[in-house]
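Note: the block below is run-v4.txt and it holds compact mmCIF, C-alpha atoms.
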# COMPACT_ATOMS: atom_id res chain seq x y z
CA MET A 11 0.00 0.00 0.00
CA GLY A 12 1.22 3.49 -0.79
CA GLU A 13 1.74 6.08 1.93
CA LEU A 14 -0.80 8.46 0.40
CA ASP A 15 -3.36 5.66 0.25
CA ALA A 16 -2.67 4.82 3.87
CA LEU A 17 -3.20 8.45 4.90
CA ARG A 18 -6.50 8.67 3.02
CA VAL A 19 -7.79 5.36 4.36
CA ARG A 20 -6.66 6.27 7.87
CA GLU A 21 -8.77 9.43 7.81
CA ASP A 22 -11.78 7.56 6.41
CA VAL A 23 -11.53 4.79 9.00
CA LEU A 24 -10.90 7.02 12.01
CA GLN A 25 -13.67 9.43 11.04
CA ALA A 26 -16.15 6.61 10.48
CA MET A 27 -15.22 4.89 13.72
CA TYR A 28 -15.55 8.12 15.68
CA TRP A 29 -18.98 8.71 14.14
CA ILE A 30 -20.09 5.14 14.91
CA ARG A 31 -18.96 5.51 18.50
CA SER A 32 -20.49 8.95 19.01
CA GLU A 33 -23.86 7.75 17.69
CA GLY A 34 -23.81 4.84 20.11
CA LEU A 35 -23.70 2.30 17.28
CA GLY A 36 -20.70 0.39 18.57
CA GLU A 37 -17.42 0.75 20.44
CA ALA A 38 -15.44 -1.98 18.69
CA PRO A 39 -16.83 -2.92 15.27
CA GLN A 40 -15.48 -6.02 13.58
CA ARG A 41 -13.64 -5.78 10.27
CA GLU A 42 -16.68 -7.11 8.38
CA GLU A 43 -18.88 -4.42 9.91
CA LEU A 44 -16.39 -1.68 9.12
CA ALA A 45 -15.98 -2.89 5.55
CA ARG A 46 -19.76 -2.92 5.07
CA PHE A 47 -20.05 0.51 6.69
CA LEU A 48 -17.46 2.01 4.35
CA ALA A 49 -18.66 -0.04 1.35
CA VAL A 50 -15.25 -1.53 0.64
CA PRO A 51 -14.17 -5.19 0.41
CA LYS A 52 -13.03 -6.67 3.71
CA GLU A 53 -9.86 -7.95 2.04
CA THR A 54 -8.96 -4.41 1.00
CA LEU A 55 -9.53 -2.94 4.45
CA THR A 56 -7.84 -5.60 6.57
CA PRO A 57 -4.16 -4.70 5.98
CA TYR A 58 -4.93 -1.07 6.75
CA LEU A 59 -6.62 -1.95 10.03
CA ASP A 60 -3.62 -4.04 11.07
CA ARG A 61 -1.31 -1.17 10.19
CA PHE A 62 -3.38 1.35 12.17
CA VAL A 63 -3.17 -0.93 15.20
CA ASP A 64 0.61 -1.06 14.84
CA GLU A 65 0.72 2.73 14.56
CA GLY A 66 -1.38 3.26 17.70
CA TYR A 67 -4.58 4.65 16.17
CA LEU A 68 -6.62 1.51 16.86
CA GLU A 69 -6.51 -1.31 19.36
CA ARG A 70 -7.92 -4.82 19.12
CA VAL A 71 -10.84 -5.50 21.43
CA GLY A 72 -12.07 -9.07 21.15
CA ASP A 73 -12.84 -9.67 17.47
CA GLY A 74 -13.19 -5.97 16.76
CA PHE A 75 -11.25 -2.72 16.66
CA ALA A 76 -11.61 0.30 18.93
CA LEU A 77 -10.18 3.78 18.67
CA THR A 78 -7.32 4.63 20.98
CA ASP A 79 -7.49 8.08 22.57
CA PHE A 80 -5.01 9.28 19.97
CA GLY A 81 -7.06 7.78 17.13
CA ALA A 82 -10.27 9.28 18.49
CA GLN A 83 -8.78 12.76 18.69
CA LEU A 84 -7.46 12.53 15.15
CA GLY A 85 -10.74 11.13 13.79
CA LYS A 86 -12.77 13.89 15.38
CA ARG A 87 -10.44 16.65 14.26
CA SER A 88 -10.02 15.48 10.67
CA PHE A 89 -13.79 15.05 10.34
CA ALA A 90 -14.31 18.70 11.23
CA GLU A 91 -11.44 19.91 9.06
CA GLU A 92 -12.61 18.02 5.99
CA PHE A 93 -15.78 20.05 5.72
CA ALA A 94 -14.64 23.36 7.20
CA GLY A 95 -15.45 26.26 4.93
CA LEU A 96 -17.48 24.23 2.44
CA THR A 97 -20.86 25.50 3.46
CA GLY A 98 -20.27 29.16 4.11
CA GLN A 99 -22.56 31.62 2.40
CA ALA A 100 -21.35 33.15 -0.84
CA HIS A 101 -21.74 36.73 -1.98
CA GLY A 102 -25.29 37.50 -3.07
CA GLU A 103 -26.90 34.48 -1.45
CA CYS A 104 -29.92 34.82 0.76
CA ASP A 105 -29.72 34.04 4.44
CA GLU A 106 -31.00 31.12 6.48
CA ASP A 107 -34.32 32.80 7.27
CA CYS A 108 -35.17 33.88 3.73
CA TRP A 109 -38.83 33.60 2.71
CA CYS A 110 -37.73 31.51 -0.27
CA HIS A 111 -37.34 28.47 1.98
CA GLU A 112 -41.09 28.00 2.19
CA SER A 113 -41.94 26.75 -1.30
CA PRO A 114 -40.38 25.78 -4.66
CA ASP A 115 -41.97 28.75 -6.42
CA GLU A 116 -40.65 31.22 -3.88
CA ALA A 117 -37.21 29.61 -4.06
CA ALA A 118 -37.23 29.97 -7.85
CA ARG A 119 -38.24 33.65 -7.55
CA CYS A 120 -35.52 34.30 -5.00
CA LEU A 121 -32.92 32.62 -7.22
CA GLU A 122 -34.05 34.71 -10.18
CA GLU A 123 -33.81 37.91 -8.15
CA ARG A 124 -30.36 36.98 -6.93
CA LYS A 125 -29.21 36.30 -10.50
CA GLN A 126 -30.37 39.77 -11.54
CA HIS A 127 -28.39 41.35 -8.71
CA VAL A 128 -25.10 39.62 -9.46
CA HIS A 129 -22.49 42.20 -10.36
CA MET B 7 -40.46 -12.63 -5.11
CA SER B 8 -39.55 -9.41 -3.27
CA THR B 9 -42.34 -7.42 -1.66
CA GLU B 10 -40.03 -4.54 -0.72
CA PRO B 11 -41.39 -1.17 -1.84
CA ALA B 12 -39.65 -0.01 -5.03
CA LEU B 13 -38.34 3.36 -3.91
CA PRO B 14 -36.91 5.78 -6.48
CA ARG B 15 -33.18 5.63 -7.11
CA ASN B 16 -31.23 7.74 -4.59
CA PHE B 17 -34.45 8.36 -2.66
CA LEU B 18 -32.41 8.49 0.54
CA ARG B 19 -30.97 11.89 -0.40
CA PRO B 20 -34.25 13.84 -0.65
CA CYS B 21 -35.51 12.00 2.43
CA LEU B 22 -32.53 13.18 4.44
CA LEU B 23 -32.99 16.72 3.14
CA LEU B 24 -36.63 16.60 4.18
CA LEU B 25 -35.86 15.27 7.66
CA LEU B 26 -33.23 17.95 8.16
CA ARG B 27 -35.66 20.60 6.94
CA GLU B 28 -38.00 19.45 9.70
CA GLN B 29 -35.24 19.78 12.27
CA PRO B 30 -31.47 19.48 12.65
CA ALA B 31 -30.55 16.00 13.80
CA HIS B 32 -27.89 13.50 14.82
CA GLY B 33 -27.20 10.37 12.81
CA TYR B 34 -29.00 8.05 15.21
CA ASP B 35 -32.09 10.25 15.20
CA LEU B 36 -32.08 10.23 11.38
CA LEU B 37 -31.80 6.43 11.35
CA GLU B 38 -34.92 6.20 13.50
CA ARG B 39 -36.92 8.72 11.52
CA LEU B 40 -35.99 7.17 8.16
CA ARG B 41 -38.02 4.08 9.08
CA SER B 42 -41.25 5.98 8.55
CA LEU B 43 -40.08 6.72 4.99
CA GLY B 44 -39.50 3.06 4.18
CA PHE B 45 -35.81 2.64 5.03
CA ASP B 46 -34.25 -0.19 6.95
CA ARG B 47 -32.70 0.99 10.20
CA ASP B 48 -29.93 -1.60 9.79
CA ASP B 49 -27.88 0.41 7.30
CA PRO B 50 -26.04 3.07 9.30
CA GLY B 51 -23.19 2.90 6.77
CA GLY B 52 -25.52 3.96 3.97
CA LEU B 53 -26.71 6.87 6.08
CA TYR B 54 -23.16 7.88 6.97
CA ARG B 55 -22.00 7.82 3.35
CA SER B 56 -25.06 9.75 2.18
CA LEU B 57 -24.57 12.43 4.82
CA ARG B 58 -20.94 12.83 3.82
CA SER B 59 -21.92 13.05 0.17
CA LEU B 60 -24.58 15.67 0.94
CA GLU B 61 -22.10 17.63 2.99
CA ARG B 62 -19.46 17.44 0.26
CA ASP B 63 -22.07 18.81 -2.15
CA GLY B 64 -22.81 21.68 0.23
CA LEU B 65 -26.40 20.57 0.82
CA VAL B 66 -26.02 19.92 4.55
CA CYS B 67 -23.55 21.15 7.12
CA SER B 68 -22.55 19.64 10.42
CA ALA B 69 -20.76 20.40 13.64
CA TRP B 70 -19.75 18.54 16.75
CA GLU B 71 -22.19 19.02 19.59
CA ARG B 72 -20.65 18.80 23.03
CA SER B 73 -21.92 16.06 25.27
CA THR B 74 -21.42 15.73 29.00
CA SER B 75 -22.32 12.05 29.08
CA GLY B 76 -20.33 10.62 26.15
CA PRO B 77 -18.45 11.47 22.98
CA ASP B 78 -19.45 14.60 21.09
CA ARG B 79 -22.03 13.94 18.39
CA ARG B 80 -22.26 15.32 14.90
CA THR B 81 -25.34 17.48 14.37
CA TYR B 82 -26.51 17.93 10.79
CA LYS B 83 -28.60 20.72 9.38
CA LEU B 84 -29.81 21.84 5.99
CA THR B 85 -28.05 24.59 4.05
CA ARG B 86 -29.77 27.02 1.72
CA ALA B 87 -28.47 25.02 -1.25
CA GLY B 88 -29.92 21.94 0.39
CA MET B 89 -33.31 23.63 0.63
CA GLU B 90 -33.22 24.43 -3.07
CA GLU B 91 -32.21 20.85 -3.87
CA LEU B 92 -35.09 19.59 -1.73
CA HIS B 93 -37.54 21.74 -3.71
CA ALA B 94 -36.12 20.52 -7.03
CA ARG B 95 -36.15 16.84 -6.04
CA THR B 96 -39.68 17.14 -4.67
CA LYS B 97 -40.89 18.62 -7.95
CA ALA B 98 -39.32 15.71 -9.83
CA LEU B 99 -40.93 13.22 -7.43
CA ALA B 100 -44.32 14.86 -7.90
CA GLU B 101 -43.95 14.48 -11.66
CA ALA B 102 -42.95 10.84 -11.25
CA ARG B 103 -46.01 10.30 -9.05
CA GLU B 104 -48.27 11.49 -11.86
CA THR B 105 -46.77 8.86 -14.15
CA LEU B 106 -47.09 6.20 -11.45
CA ASP B 107 -50.71 7.18 -10.84
CA ILE B 108 -51.46 6.62 -14.53
CA PHE B 109 -49.74 3.24 -14.40
CA LEU B 110 -51.58 2.18 -11.24
CA SER B 111 -54.89 3.39 -12.59
CA ARG B 112 -54.49 1.35 -15.79
CA TYR B 113 -53.33 -1.65 -13.80
CA ALA B 114 -56.39 -1.36 -11.57
CA GLU B 115 -58.62 -1.46 -14.68
CA PHE B 116 -56.83 -4.59 -15.85
CA VAL B 117 -57.15 -6.28 -12.48
CA THR B 118 -60.83 -5.34 -12.24
CA LEU B 119 -61.48 -6.76 -15.73
CA ARG B 120 -59.61 -9.95 -14.96
CA GLY B 121 -61.54 -10.27 -11.71
CA ALA B 122 -64.85 -9.81 -13.54
CA GLU B 123 -63.87 -12.39 -16.17
CA THR B 124 -62.96 -14.86 -13.46
CA ARG B 125 -66.30 -14.33 -11.74
CA VAL B 126 -68.20 -14.81 -15.02
CA GLU B 127 -66.33 -18.01 -15.76
CA ALA B 128 -66.94 -19.24 -12.23
CA ARG B 129 -70.70 -18.77 -12.71
CA ARG B 130 -70.75 -20.91 -15.91

Take the structure I supplied and represent it as structure tokens, if you would.
Amino acid sequence: MGELDALRVREDVLQAMYWIRSEGLGEAPQREELARFLAVPKETLTPYLDRFVDEGYLERVGDGFALTDFGAQLGKRSFAEEFAGLTGQAHGECDEDCWCHESPDEAARCLEERKQHVH
Amino acid sequence: MSTEPALPRNFLRPCLLLLLREQPAHGYDLLERLRSLGFDRDDPGGLYRSLRSLERDGLVCSAWERSTSGPDRRTYKLTRAGMEELHARTKALAEARETLDIFLSRYAEFVTLRGAETRVEARR
């Protein structure tokens, strides 16, 4: 496995495992459950999980894997960073309380008005 | 033969937008509320991947909500772009419903005719 692949998979796994834990859906999912959750083949995921255990992000608990404190911190932080700044409002957009949110026709009118006011 | 309802392709996305329009929610809450819209509660991975996809597309946003009793939870809410997408998808669904209504109406005529034929034959 390449180092860049390992970094990408590590973020995906740690983020998913933090989300699973925070929603109360499981503390130590098994590799089959994680593979199904991430929609990847178990055979693809397994070597990464073993590597993340060796690197201290995960620990084996029974037949499953749990986040270490270090892994949990990284999963939580990278989750937030991945989407930071994606959903901010752009110039000319209406705000959260705009009347256009009430119906498709009003939304279309609002969009049309905003298009006319673009500089 | 499957008796599962044949939901439209990618129906999960507009359903999530609708649920988040009703109120911001955590993942677990969404899993519970999706049941009333015909989704199996046993697919948290599908929900997780859909939420990430919606967030990547700028249709929902999320933030960690502090918890005193356990790990922080991710709270999701609809963005303005998400509201517009919900309107657009709902319009498309309404149009699809018109087509389905025509289909079901014609099917009902066929079933009624077949039923009548069967009754006539049974009387002979």

Restrict the distance test to all atoms listed in the file, flag each residue of chain B within 6 Å of chain A, and return the flagged residues as a PyMOL selection string. chain B and resi 34+51+64+77+79+93

Residue contacts of B:His32 (9 Å, only C-alpha atoms) excluding same-chain residues fewer than 2 positions away, as JSON, numbers by chain: {"A": [33], "B": [30, 34, 35, 36, 37, 79, 80, 81, 82]}

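The closest residue to B:Leu43, picked from B:Phe17, B:Ala100, B:Ser75, B:Asp107 and counting all atoms listed in the file, is B:Phe17.
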
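Atom to atom, atom CA of A:Pro57 and atom CA of B:Asp78 stand 28.9 Å apart.
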
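Remark: for B:Leu25, the closest of the candidate residues B:Lys83, B:Arg58, B:Arg95, B:Arg103 is B:Lys83 (distances computed over only C-alpha atoms).
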
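When atom CA of B:Ala94 is paired with atom CA of B:Ser111, their separation reads 26.0 Å.
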
When you look at A:Leu59 with a cut-off of 12 Å (counting all atoms listed in the file), what residues show up, excluding the ones that are within fewer than 2 positions of it in the same chain? I need them as an MDAnalysis selection string. chainID A and resid 16 19:24 27 39:42 44:45 52:57 61:70 74:77

Contact residues around stretch 19-23 of chain B with all atoms listed in the file at 12 Å, ignoring same-chain residues under 2 positions, as number ranges by chain: B: 13-17, 25-33, 35-45, 52-61, 63-67, 82-99

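For the pair atom CA of B:Pro50 and atom CA of A:Gly36, the separation is 11.0 Å.
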
Could you pull stretch 75-110 of chain B out of the block above and save it with N, CA and C atoms, as a JSON list (two decimals), in the first residue's frame?
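What landed in part-v9.json:
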[["chain", "number", "residue", "atom", "x", "y", "z"],
["B", 75, "SER", "N", -22.18, 13.45, 28.67],
["B", 75, "SER", "CA", -22.32, 12.05, 29.08],
["B", 75, "SER", "C", -21.62, 11.07, 28.15],
["B", 76, "GLY", "N", -20.99, 11.53, 27.07],
["B", 76, "GLY", "CA", -20.33, 10.62, 26.15],
["B", 76, "GLY", "C", -19.58, 11.41, 25.11],
["B", 77, "PRO", "N", -19.17, 10.74, 24.03],
["B", 77, "PRO", "CA", -18.45, 11.47, 22.98],
["B", 77, "PRO", "C", -19.33, 12.53, 22.31],
["B", 78, "ASP", "N", -18.70, 13.58, 21.82],
["B", 78, "ASP", "CA", -19.45, 14.60, 21.09],
["B", 78, "ASP", "C", -20.11, 13.98, 19.87],
["B", 79, "ARG", "N", -21.29, 14.49, 19.54],
["B", 79, "ARG", "CA", -22.03, 13.94, 18.39],
["B", 79, "ARG", "C", -22.11, 14.97, 17.28],
["B", 80, "ARG", "N", -22.18, 14.45, 16.06],
["B", 80, "ARG", "CA", -22.26, 15.32, 14.90],
["B", 80, "ARG", "C", -23.72, 15.72, 14.68],
["B", 81, "THR", "N", -23.99, 17.00, 14.65],
["B", 81, "THR", "CA", -25.34, 17.48, 14.37],
["B", 81, "THR", "C", -25.39, 18.01, 12.94],
["B", 82, "TYR", "N", -26.38, 17.55, 12.20],
["B", 82, "TYR", "CA", -26.51, 17.93, 10.79],
["B", 82, "TYR", "C", -27.67, 18.90, 10.61],
["B", 83, "LYS", "N", -27.48, 19.85, 9.73],
["B", 83, "LYS", "CA", -28.60, 20.72, 9.38],
["B", 83, "LYS", "C", -28.54, 21.08, 7.90],
["B", 84, "LEU", "N", -29.68, 21.53, 7.41],
["B", 84, "LEU", "CA", -29.81, 21.84, 5.99],
["B", 84, "LEU", "C", -29.19, 23.19, 5.67],
["B", 85, "THR", "N", -28.53, 23.28, 4.51],
["B", 85, "THR", "CA", -28.05, 24.59, 4.05],
["B", 85, "THR", "C", -29.08, 25.18, 3.08],
["B", 86, "ARG", "N", -28.84, 26.42, 2.68],
["B", 86, "ARG", "CA", -29.77, 27.02, 1.72],
["B", 86, "ARG", "C", -29.75, 26.24, 0.40],
["B", 87, "ALA", "N", -28.55, 25.83, -0.02],
["B", 87, "ALA", "CA", -28.47, 25.02, -1.25],
["B", 87, "ALA", "C", -29.23, 23.71, -1.08],
["B", 88, "GLY", "N", -29.19, 23.17, 0.12],
["B", 88, "GLY", "CA", -29.92, 21.94, 0.39],
["B", 88, "GLY", "C", -31.42, 22.15, 0.28],
["B", 89, "MET", "N", -31.88, 23.32, 0.74],
["B", 89, "MET", "CA", -33.31, 23.63, 0.63],
["B", 89, "MET", "C", -33.73, 23.70, -0.83],
["B", 90, "GLU", "N", -32.90, 24.33, -1.64],
["B", 90, "GLU", "CA", -33.22, 24.43, -3.07],
["B", 90, "GLU", "C", -33.22, 23.05, -3.72],
["B", 91, "GLU", "N", -32.26, 22.22, -3.34],
["B", 91, "GLU", "CA", -32.21, 20.85, -3.87],
["B", 91, "GLU", "C", -33.46, 20.07, -3.45],
["B", 92, "LEU", "N", -33.88, 20.27, -2.21],
["B", 92, "LEU", "CA", -35.09, 19.59, -1.73],
["B", 92, "LEU", "C", -36.30, 19.99, -2.58],
["B", 93, "HIS", "N", -36.42, 21.28, -2.86],
["B", 93, "HIS", "CA", -37.54, 21.74, -3.71],
["B", 93, "HIS", "C", -37.47, 21.08, -5.09],
["B", 94, "ALA", "N", -36.27, 21.06, -5.67],
["B", 94, "ALA", "CA", -36.12, 20.52, -7.03],
["B", 94, "ALA", "C", -36.43, 19.02, -7.05],
["B", 95, "ARG", "N", -35.91, 18.29, -6.07],
["B", 95, "ARG", "CA", -36.15, 16.84, -6.04],
["B", 95, "ARG", "C", -37.62, 16.54, -5.79],
["B", 96, "THR", "N", -38.27, 17.37, -4.97],
["B", 96, "THR", "CA", -39.68, 17.14, -4.67],
["B", 96, "THR", "C", -40.54, 17.37, -5.91],
["B", 97, "LYS", "N", -40.18, 18.39, -6.69],
["B", 97, "LYS", "CA", -40.89, 18.62, -7.95],
["B", 97, "LYS", "C", -40.77, 17.41, -8.86],
["B", 98, "ALA", "N", -39.55, 16.88, -8.97],
["B", 98, "ALA", "CA", -39.32, 15.71, -9.83],
["B", 98, "ALA", "C", -40.11, 14.50, -9.32],
["B", 99, "LEU", "N", -40.17, 14.34, -8.00],
["B", 99, "LEU", "CA", -40.93, 13.22, -7.43],
["B", 99, "LEU", "C", -42.43, 13.37, -7.71],
["B", 100, "ALA", "N", -42.91, 14.62, -7.63],
["B", 100, "ALA", "CA", -44.32, 14.86, -7.90],
["B", 100, "ALA", "C", -44.66, 14.50, -9.35],
["B", 101, "GLU", "N", -43.74, 14.83, -10.25],
["B", 101, "GLU", "CA", -43.95, 14.48, -11.66],
["B", 101, "GLU", "C", -43.94, 12.96, -11.85],
["B", 102, "ALA", "N", -43.01, 12.31, -11.16],
["B", 102, "ALA", "CA", -42.95, 10.84, -11.25],
["B", 102, "ALA", "C", -44.22, 10.22, -10.68],
["B", 103, "ARG", "N", -44.78, 10.84, -9.65],
["B", 103, "ARG", "CA", -46.01, 10.30, -9.05],
["B", 103, "ARG", "C", -47.16, 10.34, -10.05],
["B", 104, "GLU", "N", -47.21, 11.40, -10.85],
["B", 104, "GLU", "CA", -48.27, 11.49, -11.86],
["B", 104, "GLU", "C", -48.18, 10.30, -12.82],
["B", 105, "THR", "N", -46.95, 10.00, -13.25],
["B", 105, "THR", "CA", -46.77, 8.86, -14.15],
["B", 105, "THR", "C", -47.15, 7.56, -13.46],
["B", 106, "LEU", "N", -46.76, 7.42, -12.21],
["B", 106, "LEU", "CA", -47.09, 6.20, -11.45],
["B", 106, "LEU", "C", -48.60, 6.08, -11.25],
["B", 107, "ASP", "N", -49.24, 7.21, -11.02],
["B", 107, "ASP", "CA", -50.71, 7.18, -10.84],
["B", 107, "ASP", "C", -51.40, 6.66, -12.10],
["B", 108, "ILE", "N", -50.89, 7.11, -13.26],
["B", 108, "ILE", "CA", -51.46, 6.62, -14.53],
["B", 108, "ILE", "C", -51.26, 5.11, -14.64],
["B", 109, "PHE", "N", -50.05, 4.66, -14.34],
["B", 109, "PHE", "CA", -49.74, 3.24, -14.40],
["B", 109, "PHE", "C", -50.67, 2.45, -13.46],
["B", 110, "LEU", "N", -50.78, 2.91, -12.22],
["B", 110, "LEU", "CA", -51.58, 2.18, -11.24],
["B", 110, "LEU", "C", -53.06, 2.18, -11.62]]
